[in-house]
Amino acid sequence: MVSQRVRDIEISGIRKMFEAAPPDAINLGLGEPDFDPPKSVVDALCEAVRGGKNHYGPSAGLPALRDAIAARYHGIDPEVNRDNIIVTAGGSQGLFATALALYENGDEVLIPDPGFVLYAPHARLAGATAVPYPLDEGHGYQPDFDELEKKVTSRTRAIVVNSPSNPTGAVFSPTTVDRLVTFAEANGLAIVSDEVYEEMVYDGRFTSFWGKSDRVVVVHSFSKMFAMTGWRLGFLVAPRALTPDLNKVSYHLIACPSTPAQVAALAGLADAGEAMRAMVKEFRIRRALIVRELNRIPGLSCVPPSGAFYAFPKVDWPGTAPEIAGALLKRGLISTPGDAFGALGAGHLRLSFAASRPNLRRAMAILRRYASDVGAG
Ligand SMILES: Cc1ncc(COP(=O)(O)O)c(C=O)c1O
């Protein structure tokens, strides 16, 4: 009864762990800020709902929100306007609409390995084949251009890039961004740039792909920016020639994005910068804590993540990462085995540090005890 295309994909390894967890487990498994949305954003949502803004809106999003999103990009591209913007139900739906709008049956799409869990299934659901390109720990999780060249064929349609990266935390330098653009242009590829962690950078500086080429679609989200993952709101920034088609697909997926959530995001863009920076400041402190503690535990080694909110330690303990994550789950710690993010994630665990400092300390104690019990070090 079920289509082959759906049989070909699996539920994400992140969700699997979450659903199997004991109720009081410390959750370093899911990728979401443990903060509430900024007060002005919550107030705007409540006012919108009470004020009757509960109905369908334009499928591409409210014009005022599209204008405000466009304005975020004026520093790098003064020409961008609402016609470049489609508001989506989170980055997830933005990614899927982009895949459906860009990929043909039989196309190949370069996706990062390790990389976020949706890229490969979306390519498959759109009829394309995902071709992983390696991001090696030894290379600072940066792309290796010789490897990339080897992966390109006449069928390659697009490359998906993600900086700051989930799960590695790597941030691409401006030079790497430029080299990726040159590579994509030389090979006639679209660039799908997942920039949902733009605001969460601790070392170096974020560089958007927007404005670097007319082949770029930026996928973005209010989920992490305003800690409103459950409200499901994001956006695409795309060439004006492409947005009517992206809008068409988006309409068929969701009809339109949530109206009250859009009103709230608009308020957030106007005045929630400070709350967001305070959240990122706290993440920076937790990053220092988790990296220091992980590197003290025998058998774990962790490259400090430059962005996002994940530590991605290499684990030199008996067993595979899924087995280790399963054993840790029984001891009350939810983590995600690196295998969930691609073959090169094997031997790693992803630990979110979007969790309170006391919970991070408790999690580190569980890891320390486990290391000792398996005789590491
Ligand atoms: C790299 C990356 N892209 C996109 C998303 C999608 O998030 P959302 O659909 O909540 O915007 C996530 C969520 O974890 C992510 O980590």
# chains A, B, ... in the order shown; residues from 1 in each chain; ligands from 1
$ residues_near_ligand --ligand "ligand 1" --cutoff "8 Å" --atoms "only C-alpha atoms and all ligand atoms" --output "ChimeraX atom specification"
/A:30-32,89-95,115-116,118,162,164-167,194-197,219-224,229-230,232-234
$ residues_around --residues "A:Gly57" --least-positions-apart "5" --cutoff "10 Å" --atoms "only C-alpha atoms" --output "PyMOL selection string"
chain A and resi 62-63+255-260+262
$ write_last_selection --atoms "C-alpha atoms" --output "PDB file, in the first residue's frame"
ATOM      1  CA  LEU A  62       2.424  38.522   5.258  1.00  0.00           C
ATOM      2  CA  PRO A  63       3.874  41.354   3.128  1.00  0.00           C
ATOM      3  CA  ALA A 255      -1.567  26.668   2.031  1.00  0.00           C
ATOM      4  CA  CYS A 256       0.030  29.454   4.047  1.00  0.00           C
ATOM      5  CA  PRO A 257       2.237  29.910   7.104  1.00  0.00           C
ATOM      6  CA  SER A 258       0.643  30.484  10.526  1.00  0.00           C
ATOM      7  CA  THR A 259      -0.782  34.001  10.662  1.00  0.00           C
ATOM      8  CA  PRO A 260      -0.337  34.716  14.407  1.00  0.00           C
ATOM      9  CA  GLN A 262       4.059  35.659  11.579  1.00  0.00           C
TER      10      GLN A 262
END
$ residues_around --residues "stretch 347-360 of chain A" --least-positions-apart "4" --cutoff "8 Å" --atoms "only C-alpha atoms" --output "ChimeraX atom specification"
/A:26-34,167,283,286-287,290,309-316,320-321,325,335-339,364
$ write_last_selection --atoms "N, CA and C atoms" --output "PDB file, in the first residue's frame"
ATOM      1  N   ILE A  26      17.804  13.363  30.952  1.00  0.00           N
ATOM      2  CA  ILE A  26      18.366  14.664  30.558  1.00  0.00           C
ATOM      3  C   ILE A  26      18.444  14.666  29.038  1.00  0.00           C
ATOM      4  N   ASN A  27      17.823  15.666  28.461  1.00  0.00           N
ATOM      5  CA  ASN A  27      17.705  15.637  27.003  1.00  0.00           C
ATOM      6  C   ASN A  27      18.758  16.508  26.326  1.00  0.00           C
ATOM      7  N   LEU A  28      19.839  15.877  25.856  1.00  0.00           N
ATOM      8  CA  LEU A  28      20.799  16.597  25.016  1.00  0.00           C
ATOM      9  C   LEU A  28      20.645  16.096  23.583  1.00  0.00           C
ATOM     10  N   GLY A  29      19.474  15.563  23.289  1.00  0.00           N
ATOM     11  CA  GLY A  29      19.249  14.931  21.988  1.00  0.00           C
ATOM     12  C   GLY A  29      18.610  15.838  20.962  1.00  0.00           C
ATOM     13  N   LEU A  30      17.685  16.664  21.389  1.00  0.00           N
ATOM     14  CA  LEU A  30      16.941  17.466  20.402  1.00  0.00           C
ATOM     15  C   LEU A  30      17.620  18.811  20.172  1.00  0.00           C
ATOM     16  N   GLY A  31      17.438  19.344  18.987  1.00  0.00           N
ATOM     17  CA  GLY A  31      18.091  20.606  18.634  1.00  0.00           C
ATOM     18  C   GLY A  31      17.187  21.805  18.818  1.00  0.00           C
ATOM     19  N   GLU A  32      16.928  22.165  20.072  1.00  0.00           N
ATOM     20  CA  GLU A  32      16.139  23.384  20.245  1.00  0.00           C
ATOM     21  C   GLU A  32      16.544  24.122  21.495  1.00  0.00           C
ATOM     22  N   PRO A  33      16.513  25.464  21.426  1.00  0.00           N
ATOM     23  CA  PRO A  33      16.880  26.248  22.606  1.00  0.00           C
ATOM     24  C   PRO A  33      15.959  25.907  23.774  1.00  0.00           C
ATOM     25  N   ASP A  34      16.530  25.867  24.986  1.00  0.00           N
ATOM     26  CA  ASP A  34      15.721  25.602  26.178  1.00  0.00           C
ATOM     27  C   ASP A  34      15.174  26.910  26.753  1.00  0.00           C
ATOM     28  N   PRO A 167      25.524  18.583  12.446  1.00  0.00           N
ATOM     29  CA  PRO A 167      25.875  18.444  13.854  1.00  0.00           C
ATOM     30  C   PRO A 167      27.265  18.930  14.238  1.00  0.00           C
ATOM     31  N   PHE A 283      24.732  30.371  25.617  1.00  0.00           N
ATOM     32  CA  PHE A 283      25.214  29.199  24.862  1.00  0.00           C
ATOM     33  C   PHE A 283      26.749  29.184  24.831  1.00  0.00           C
ATOM     34  N   ARG A 286      28.002  27.793  28.028  1.00  0.00           N
ATOM     35  CA  ARG A 286      27.773  26.335  28.088  1.00  0.00           C
ATOM     36  C   ARG A 286      28.710  25.589  27.142  1.00  0.00           C
ATOM     37  N   ARG A 287      28.991  26.215  26.022  1.00  0.00           N
ATOM     38  CA  ARG A 287      29.919  25.581  25.079  1.00  0.00           C
ATOM     39  C   ARG A 287      31.262  25.368  25.759  1.00  0.00           C
ATOM     40  N   ILE A 290      30.925  22.467  28.308  1.00  0.00           N
ATOM     41  CA  ILE A 290      30.776  21.100  27.774  1.00  0.00           C
ATOM     42  C   ILE A 290      32.059  20.640  27.077  1.00  0.00           C
ATOM     43  N   PHE A 309      24.605  24.856  18.421  1.00  0.00           N
ATOM     44  CA  PHE A 309      24.694  24.534  19.854  1.00  0.00           C
ATOM     45  C   PHE A 309      24.833  23.038  20.081  1.00  0.00           C
ATOM     46  N   TYR A 310      25.785  22.454  19.332  1.00  0.00           N
ATOM     47  CA  TYR A 310      26.038  21.018  19.475  1.00  0.00           C
ATOM     48  C   TYR A 310      27.524  20.762  19.686  1.00  0.00           C
ATOM     49  N   ALA A 311      27.811  19.840  20.625  1.00  0.00           N
ATOM     50  CA  ALA A 311      29.153  19.273  20.701  1.00  0.00           C
ATOM     51  C   ALA A 311      29.072  17.937  19.955  1.00  0.00           C
ATOM     52  N   PHE A 312      30.140  17.617  19.245  1.00  0.00           N
ATOM     53  CA  PHE A 312      30.115  16.405  18.403  1.00  0.00           C
ATOM     54  C   PHE A 312      31.372  15.584  18.695  1.00  0.00           C
ATOM     55  N   PRO A 313      31.501  15.107  19.970  1.00  0.00           N
ATOM     56  CA  PRO A 313      32.733  14.413  20.330  1.00  0.00           C
ATOM     57  C   PRO A 313      32.900  13.085  19.608  1.00  0.00           C
ATOM     58  N   LYS A 314      34.171  12.771  19.396  1.00  0.00           N
ATOM     59  CA  LYS A 314      34.527  11.443  18.906  1.00  0.00           C
ATOM     60  C   LYS A 314      34.583  10.524  20.125  1.00  0.00           C
ATOM     61  N   VAL A 315      34.067   9.322  19.950  1.00  0.00           N
ATOM     62  CA  VAL A 315      33.925   8.426  21.098  1.00  0.00           C
ATOM     63  C   VAL A 315      34.763   7.180  20.870  1.00  0.00           C
ATOM     64  N   ASP A 316      35.757   7.000  21.731  1.00  0.00           N
ATOM     65  CA  ASP A 316      36.592   5.807  21.621  1.00  0.00           C
ATOM     66  C   ASP A 316      36.283   4.888  22.799  1.00  0.00           C
ATOM     67  N   THR A 320      29.311   0.561  19.024  1.00  0.00           N
ATOM     68  CA  THR A 320      29.036   1.603  18.025  1.00  0.00           C
ATOM     69  C   THR A 320      28.348   2.778  18.718  1.00  0.00           C
ATOM     70  N   ALA A 321      28.289   3.906  18.018  1.00  0.00           N
ATOM     71  CA  ALA A 321      27.626   5.080  18.617  1.00  0.00           C
ATOM     72  C   ALA A 321      26.154   4.793  18.947  1.00  0.00           C
ATOM     73  N   ALA A 325      24.790   5.200  22.623  1.00  0.00           N
ATOM     74  CA  ALA A 325      23.663   6.110  22.895  1.00  0.00           C
ATOM     75  C   ALA A 325      22.529   5.344  23.577  1.00  0.00           C
ATOM     76  N   SER A 335      21.128  11.291  23.950  1.00  0.00           N
ATOM     77  CA  SER A 335      22.090  11.871  23.015  1.00  0.00           C
ATOM     78  C   SER A 335      21.701  11.366  21.633  1.00  0.00           C
ATOM     79  N   THR A 336      22.383  11.817  20.620  1.00  0.00           N
ATOM     80  CA  THR A 336      22.084  11.320  19.279  1.00  0.00           C
ATOM     81  C   THR A 336      23.341  10.685  18.701  1.00  0.00           C
ATOM     82  N   PRO A 337      23.246   9.432  18.262  1.00  0.00           N
ATOM     83  CA  PRO A 337      24.428   8.818  17.648  1.00  0.00           C
ATOM     84  C   PRO A 337      24.783   9.546  16.350  1.00  0.00           C
ATOM     85  N   GLY A 338      26.071   9.770  16.146  1.00  0.00           N
ATOM     86  CA  GLY A 338      26.515  10.509  14.963  1.00  0.00           C
ATOM     87  C   GLY A 338      26.087   9.870  13.655  1.00  0.00           C
ATOM     88  N   ASP A 339      25.860   8.556  13.679  1.00  0.00           N
ATOM     89  CA  ASP A 339      25.430   7.844  12.462  1.00  0.00           C
ATOM     90  C   ASP A 339      24.146   8.428  11.879  1.00  0.00           C
ATOM     91  N   MET A 364      27.378  15.286  32.099  1.00  0.00           N
ATOM     92  CA  MET A 364      28.812  14.990  32.082  1.00  0.00           C
ATOM     93  C   MET A 364      29.150  13.918  33.132  1.00  0.00           C
TER      94      MET A 364
END
$ select_by_dssp --residues "stretch 110-272 of chain A" --states "alpha helix (DSSP H)" --output "ChimeraX atom specification"
/A:119-125,145-151,174-186,243-254,259-271
$ closest_residue --among "A:Ala288, A:Val6, A:Val42, A:Leu329" --to "A:Arg124" --atoms "only C-alpha atoms"
A:Val6
$ residues_around --residues "A:Ala130" --least-positions-apart "5" --cutoff "7 Å" --atoms "only C-alpha atoms" --output "ChimeraX atom specification"
/A:108-111,120,123-124
$ write_last_selection --atoms "C-alpha atoms" --output "mmCIF file, in the first residue's frame"
data_model
loop_
_atom_site.group_PDB
_atom_site.id
_atom_site.type_symbol
_atom_site.label_atom_id
_atom_site.label_comp_id
_atom_site.auth_asym_id
_atom_site.auth_seq_id
_atom_site.Cartn_x
_atom_site.Cartn_y
_atom_site.Cartn_z
ATOM 1 C CA GLU A 108 22.038 14.018 -7.923
ATOM 2 C CA VAL A 109 22.319 16.397 -4.995
ATOM 3 C CA LEU A 110 25.499 16.888 -2.996
ATOM 4 C CA ILE A 111 24.771 16.813 0.717
ATOM 5 C CA ALA A 120 18.919 13.086 2.015
ATOM 6 C CA ALA A 123 16.269 14.645 -2.116
ATOM 7 C CA ARG A 124 14.845 11.120 -2.296
#
$ residues_around --residues "A:Pro22" --least-positions-apart "5" --cutoff "12 Å" --atoms "only C-alpha atoms" --output "compact mmCIF listing (two decimals) with C-alpha atoms, in the first residue's frame"
# COMPACT_ATOMS: atom_id res chain seq x y z
CA MET A 17 16.01 8.45 20.54
CA ASN A 27 17.70 15.64 27.00
CA GLY A 326 21.28 3.27 23.79
CA LEU A 328 23.42 6.12 27.94
CA LEU A 329 19.67 6.38 27.44
CA LYS A 330 19.17 3.63 30.04
CA ARG A 331 21.31 5.72 32.43
CA GLY A 332 19.10 8.76 31.85
CA LEU A 333 20.92 10.70 29.13
CA ILE A 334 19.44 11.32 25.68
$ residues_around --residues "A:Val216" --least-positions-apart "5" --cutoff "9 Å" --atoms "only C-alpha atoms" --output "ChimeraX atom specification"
/A:181,190-193,209-211,237-239
$ select_by_dssp --residues "stretch 72-229 of chain A" --states "strand (DSSP E)" --output "VMD selection string"
chain A and resid 85 to 88 108 to 113 129 to 134 156 to 162 190 to 194 216 to 221
$ residues_around --residues "A:Gly106" --least-positions-apart "2" --cutoff "8 Å" --atoms "only C-alpha atoms" --output "ChimeraX atom specification"
/A:104,108,127-129,155
